[in-house]
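Asks: This structure is in structure tokens; I'll ask about it shortly.
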Amino acid sequence: MSPTLVYPAPSGPLKLEHLPVDIGWTSLSTRYSSFPSPDIEWDPSLDTHLERVKRLASLGEALPRTLPLGFPASIPSPRAWKGSEFEDGSKYIYELCKDDLDEIDAAIRTFSDQFNDAVHPDPDQLTPTTFPLPRLGRKLEQLSNIIHFGQGFFVVRGLDPHRYSPSERVLAYAGITSYVGSTRACQDAGGSKLIHIKDRGMAFPGAEMRQAPYSNVAQPFHTDVCDILAMYVQELAAEGGYFQLASSGQVYNDIAASRPDVIQALAANEWIFDKFSKNLAWDVRPILLPFGPHGPSFFFSRRPLTGSLVSPRTQGVPPMTERQAEALDMVHFSAAKHQLRLDAQKGDVILVNNLAVMHARTTFTDGVPGKGAGRHVMRMWLRNDELAWPKPDIVKPIFDLKYSPDSPWCGKPVWHLEPPTLPERMLARKFSCS
């Protein structure tokens, strides 16, 4: 059962504060360098969080009692939901019927025939035009509207990954999802359009330091660097590995109702993101930002903010403050309180508006090594150029690096049909989500 969290309201006189200006790299270094690092972990501790909330409340500080300028008291939108509203799955699962599957098979043949001189047809050429789905396509376009303007997520069920060859499996996955978003991001500096999320075990030197996508650890609530997160479930874990979704709108409403000072902290341009570079470097930006008519939402990954056991924060990067630690953990535990845990099935295609819905994962066990394939999820980052949410200027360069054809990451796109064996990639700390 999710914890019931009641946060003390801020005390002290009314103090109006708006969004801080960008105070810059140097002044932040000077301002924060003398602060001790707060007791905060990548995988949050509820006991530590509640103790910190209690301790900070006892200080009696005069905290802001108003929301940042332009931030609403609440988000009255279909994207503000609680997991309890989706108990039976009927509101978010679309079951493929035989006619749908027949259309998909025909579309694979049609697409392959257009590129029959290639050993493996280029999935980058997959669009609703080259992958025709006359009946199913209309339904997928409706789901795209729900993802962008409604609850922010959907599951397409029934696409058996073992029905196809490795190349056909990718064509089916990329073809179907092109109706939701046909622009595909490069997810790393190597141009990977497709990431295989799978515990790679201890099969190579240094594997104990492999990053989260290649291990079986739980992952806290976060967002990726994309518009739409598309995950295709190839295999399930023997135990655990559940997908967890939480409405960013509901988390915002939850916190704004009782702790406007925390909203101020989350929206302040003072959060330090470790770049995990060879040369000491970090980015500074808010983690709660306005997204045009859709209202405020979260855009962050915890690891660059807190570090982790296998990716410790770079020495010399300024720490966050105790108030920031309180705010960051409050986001996680509010998300946990309102989450929807998906009981995914093999073959599910899970589509998530990354700017409306945060996601997490429970720890998992794959069973006896060598027996069974183990949990395996394919991931793409998509964008629907017509329906995409407008981005604040401060994060546009982050998205351009992933989506722009002129980006150095996208010079030579790569599609891995099977999980690659690249130990150096699985150990890389630089990229937060891949």
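Letters for chains follow the order of the structure tokens (A, B, ...), residue numbers begin at 1 for each chain, and ligand numbers begin at 1 in the order shown.
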Find the residues around range 315-332 of chain A up to 8 Å (only C-alpha atoms counted), leave out those fewer than 4 positions away in its own chain, and share them as a PyMOL selection string.

Replies: chain A and resi 28-29+32-33+35-38+40+44+49+52-53+56+220-221+251+255+262-263+265-266+271-272+274+280-282+305+336

Asks: Which residues, written as a ChimeraX atom specification, have at least one atom at most 12 Å from Phe273 in chain A, with only C-alpha atoms counted and residues fewer than 4 positions away on the same chain left out?

Replies: /A:25,269,277,280-287,299-307,313-314,317-320,430-432

Asks: Convert the current residue selection to file output with C-alpha atoms, as a compact mmCIF listing (two decimals), in the first residue's frame.

Replies:
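File selection34.txt, as written:
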# COMPACT_ATOMS: atom_id res chain seq x y z
CA TRP A 25 27.48 28.74 -13.44
CA ASN A 269 16.64 27.69 -12.05
CA SER A 277 32.20 14.30 -18.07
CA LEU A 280 34.29 18.85 -14.43
CA ALA A 281 30.99 20.15 -15.82
CA TRP A 282 27.34 20.45 -14.97
CA ASP A 283 24.08 21.94 -16.24
CA VAL A 284 21.79 24.25 -14.27
CA ARG A 285 18.04 24.41 -14.87
CA PRO A 286 14.66 23.85 -13.16
CA ILE A 287 13.10 20.39 -12.89
CA PHE A 299 11.55 16.99 -16.70
CA PHE A 300 14.41 15.33 -14.83
CA SER A 301 16.30 12.16 -14.04
CA ARG A 302 17.48 11.65 -10.46
CA ARG A 303 20.91 10.20 -11.18
CA PRO A 304 22.53 13.45 -12.43
CA LEU A 305 21.08 15.15 -9.35
CA THR A 306 21.94 12.60 -6.65
CA GLY A 307 24.42 10.19 -8.19
CA ARG A 313 28.34 12.18 -8.27
CA THR A 314 31.48 13.71 -9.72
CA VAL A 317 30.08 19.24 -8.63
CA PRO A 318 28.19 21.38 -6.10
CA PRO A 319 25.63 19.49 -3.96
CA MET A 320 21.95 20.27 -3.69
CA LYS A 430 27.47 10.09 -19.24
CA PHE A 431 23.98 9.30 -20.55
CA SER A 432 21.23 9.36 -17.97

Asks: Pick out the residues sitting within 10 Å of Thr177 in chain A, and hand them over as a PDB file with N, CA and C atoms, in the first residue's frame; count only C-alpha atoms, and ignore anything fewer than 6 positions along from it in its own chain.

Replies:
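The resulting selection.pdb:
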ATOM      1  N   LEU A 126      10.166   3.984 -42.048  1.00  0.00           N
ATOM      2  CA  LEU A 126       8.809   3.603 -41.651  1.00  0.00           C
ATOM      3  C   LEU A 126       7.985   4.835 -41.291  1.00  0.00           C
ATOM      4  N   THR A 127       6.880   5.006 -42.004  1.00  0.00           N
ATOM      5  CA  THR A 127       5.917   6.071 -41.745  1.00  0.00           C
ATOM      6  C   THR A 127       4.526   5.493 -41.988  1.00  0.00           C
ATOM      7  N   PRO A 128       3.474   6.201 -41.618  1.00  0.00           N
ATOM      8  CA  PRO A 128       2.138   5.724 -41.961  1.00  0.00           C
ATOM      9  C   PRO A 128       1.931   5.523 -43.464  1.00  0.00           C
ATOM     10  N   GLY A 137      -4.645   1.924 -38.201  1.00  0.00           N
ATOM     11  CA  GLY A 137      -4.025   3.239 -38.197  1.00  0.00           C
ATOM     12  C   GLY A 137      -4.938   4.314 -37.639  1.00  0.00           C
ATOM     13  N   LEU A 140      -4.911   4.012 -33.911  1.00  0.00           N
ATOM     14  CA  LEU A 140      -3.642   4.478 -33.347  1.00  0.00           C
ATOM     15  C   LEU A 140      -3.564   5.997 -33.352  1.00  0.00           C
ATOM     16  N   GLU A 141      -4.106   6.639 -34.367  1.00  0.00           N
ATOM     17  CA  GLU A 141      -4.130   8.103 -34.401  1.00  0.00           C
ATOM     18  C   GLU A 141      -5.014   8.660 -33.285  1.00  0.00           C
ATOM     19  N   SER A 144      -2.992   8.489 -30.218  1.00  0.00           N
ATOM     20  CA  SER A 144      -1.999   9.561 -30.180  1.00  0.00           C
ATOM     21  C   SER A 144      -2.592  10.826 -29.580  1.00  0.00           C
ATOM     22  N   VAL A 156      -0.845  -0.962 -26.173  1.00  0.00           N
ATOM     23  CA  VAL A 156      -1.345  -1.757 -27.292  1.00  0.00           C
ATOM     24  C   VAL A 156      -0.923  -3.199 -27.030  1.00  0.00           C
ATOM     25  N   LEU A 171      10.390  -3.944 -37.428  1.00  0.00           N
ATOM     26  CA  LEU A 171       9.520  -3.269 -38.395  1.00  0.00           C
ATOM     27  C   LEU A 171       8.097  -3.136 -37.846  1.00  0.00           C
ATOM     28  N   THR A 183       8.811  10.574 -35.809  1.00  0.00           N
ATOM     29  CA  THR A 183      10.177  11.074 -35.677  1.00  0.00           C
ATOM     30  C   THR A 183      10.834  10.361 -34.508  1.00  0.00           C
ATOM     31  N   ARG A 184      11.967   9.720 -34.768  1.00  0.00           N
ATOM     32  CA  ARG A 184      12.623   8.883 -33.756  1.00  0.00           C
ATOM     33  C   ARG A 184      13.939   9.508 -33.337  1.00  0.00           C
ATOM     34  N   ILE A 228       7.798  11.171 -26.527  1.00  0.00           N
ATOM     35  CA  ILE A 228       7.007   9.957 -26.304  1.00  0.00           C
ATOM     36  C   ILE A 228       7.954   8.798 -26.043  1.00  0.00           C
ATOM     37  N   ALA A 230       8.307   4.881 -25.984  1.00  0.00           N
ATOM     38  CA  ALA A 230       7.655   3.696 -26.544  1.00  0.00           C
ATOM     39  C   ALA A 230       8.448   2.462 -26.143  1.00  0.00           C
ATOM     40  N   MET A 231       7.821   1.564 -25.403  1.00  0.00           N
ATOM     41  CA  MET A 231       8.485   0.358 -24.916  1.00  0.00           C
ATOM     42  C   MET A 231       7.745  -0.882 -25.424  1.00  0.00           C
ATOM     43  N   VAL A 349       2.990  -3.084 -26.202  1.00  0.00           N
ATOM     44  CA  VAL A 349       3.650  -1.845 -26.615  1.00  0.00           C
ATOM     45  C   VAL A 349       3.102  -0.748 -25.711  1.00  0.00           C
ATOM     46  N   ILE A 350       3.964  -0.207 -24.853  1.00  0.00           N
ATOM     47  CA  ILE A 350       3.565   0.784 -23.861  1.00  0.00           C
ATOM     48  C   ILE A 350       3.983   2.156 -24.366  1.00  0.00           C
ATOM     49  N   LEU A 351       3.025   3.049 -24.539  1.00  0.00           N
ATOM     50  CA  LEU A 351       3.257   4.376 -25.100  1.00  0.00           C
ATOM     51  C   LEU A 351       2.961   5.430 -24.043  1.00  0.00           C
ATOM     52  N   MET A 380      12.141   2.961 -27.771  1.00  0.00           N
ATOM     53  CA  MET A 380      12.365   4.057 -28.711  1.00  0.00           C
ATOM     54  C   MET A 380      11.882   5.356 -28.075  1.00  0.00           C
ATOM     55  N   LEU A 382      10.159   8.812 -29.319  1.00  0.00           N
ATOM     56  CA  LEU A 382       9.416   9.288 -30.492  1.00  0.00           C
ATOM     57  C   LEU A 382       8.985  10.736 -30.329  1.00  0.00           C
TER      58      LEU A 382
END

Asks: Suppose you want the space between CA of Asp188 in chain A and CA of Asp400 in chain A; what is it in Å?

Replies: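 Distance between the two atoms: 12.6 Å.
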
Asks: Quick one: everything within 7 Å of range 190-195 of chain A, counting only C-alpha atoms, minus sequence neighbours fewer than 2 positions away in the same chain. Send it as a list in words.

Replies: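 My reading of the contact set: Arg184, Ala185, Cys186, Gln187, Asp188, Ile197, Met378, Arg379, Met380, Trp409, Cys410, Lys412, Pro413, Val414, Trp415 and His416 of chain A.
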
Asks: Residues as selected, N, CA and C atoms, written as a compact mmCIF listing (two decimals), in the first residue's frame, can you do that?

Replies:
# COMPACT_ATOMS: atom_id res chain seq x y z
N ARG A 184 11.97 9.72 -34.77
CA ARG A 184 12.62 8.88 -33.76
C ARG A 184 13.94 9.51 -33.34
N ALA A 185 14.16 9.55 -32.03
CA ALA A 185 15.37 10.17 -31.49
C ALA A 185 16.55 9.21 -31.54
N CYS A 186 17.74 9.79 -31.57
CA CYS A 186 18.97 9.03 -31.32
C CYS A 186 19.21 9.09 -29.81
N GLN A 187 19.29 7.93 -29.19
CA GLN A 187 19.28 7.86 -27.74
C GLN A 187 20.66 7.94 -27.10
N ASP A 188 21.70 7.92 -27.90
CA ASP A 188 23.05 8.05 -27.36
C ASP A 188 23.96 8.61 -28.43
N ILE A 197 16.71 -2.86 -23.22
CA ILE A 197 16.83 -2.77 -21.76
C ILE A 197 16.73 -4.19 -21.21
N MET A 378 12.41 -3.47 -25.51
CA MET A 378 12.93 -2.54 -26.51
C MET A 378 12.39 -1.15 -26.22
N ARG A 379 13.22 -0.14 -26.48
CA ARG A 379 12.78 1.23 -26.21
C ARG A 379 13.12 2.14 -27.37
N MET A 380 12.14 2.96 -27.77
CA MET A 380 12.37 4.06 -28.71
C MET A 380 11.88 5.36 -28.08
N TRP A 409 24.86 13.50 -32.69
CA TRP A 409 24.42 12.17 -32.29
C TRP A 409 23.72 11.43 -33.43
N CYS A 410 23.18 12.17 -34.38
CA CYS A 410 22.31 11.57 -35.40
C CYS A 410 22.97 11.46 -36.76
N LYS A 412 24.99 9.09 -37.93
CA LYS A 412 24.93 7.72 -38.45
C LYS A 412 23.99 6.90 -37.57
N PRO A 413 22.68 6.99 -37.81
CA PRO A 413 21.72 6.23 -36.99
C PRO A 413 21.98 4.72 -37.06
N VAL A 414 21.78 4.06 -35.92
CA VAL A 414 22.01 2.62 -35.81
C VAL A 414 20.77 1.96 -35.23
N TRP A 415 20.39 0.83 -35.83
CA TRP A 415 19.28 0.02 -35.31
C TRP A 415 19.86 -1.34 -34.88
N HIS A 416 19.87 -1.59 -33.58
CA HIS A 416 20.33 -2.87 -33.06
C HIS A 416 19.16 -3.85 -33.03
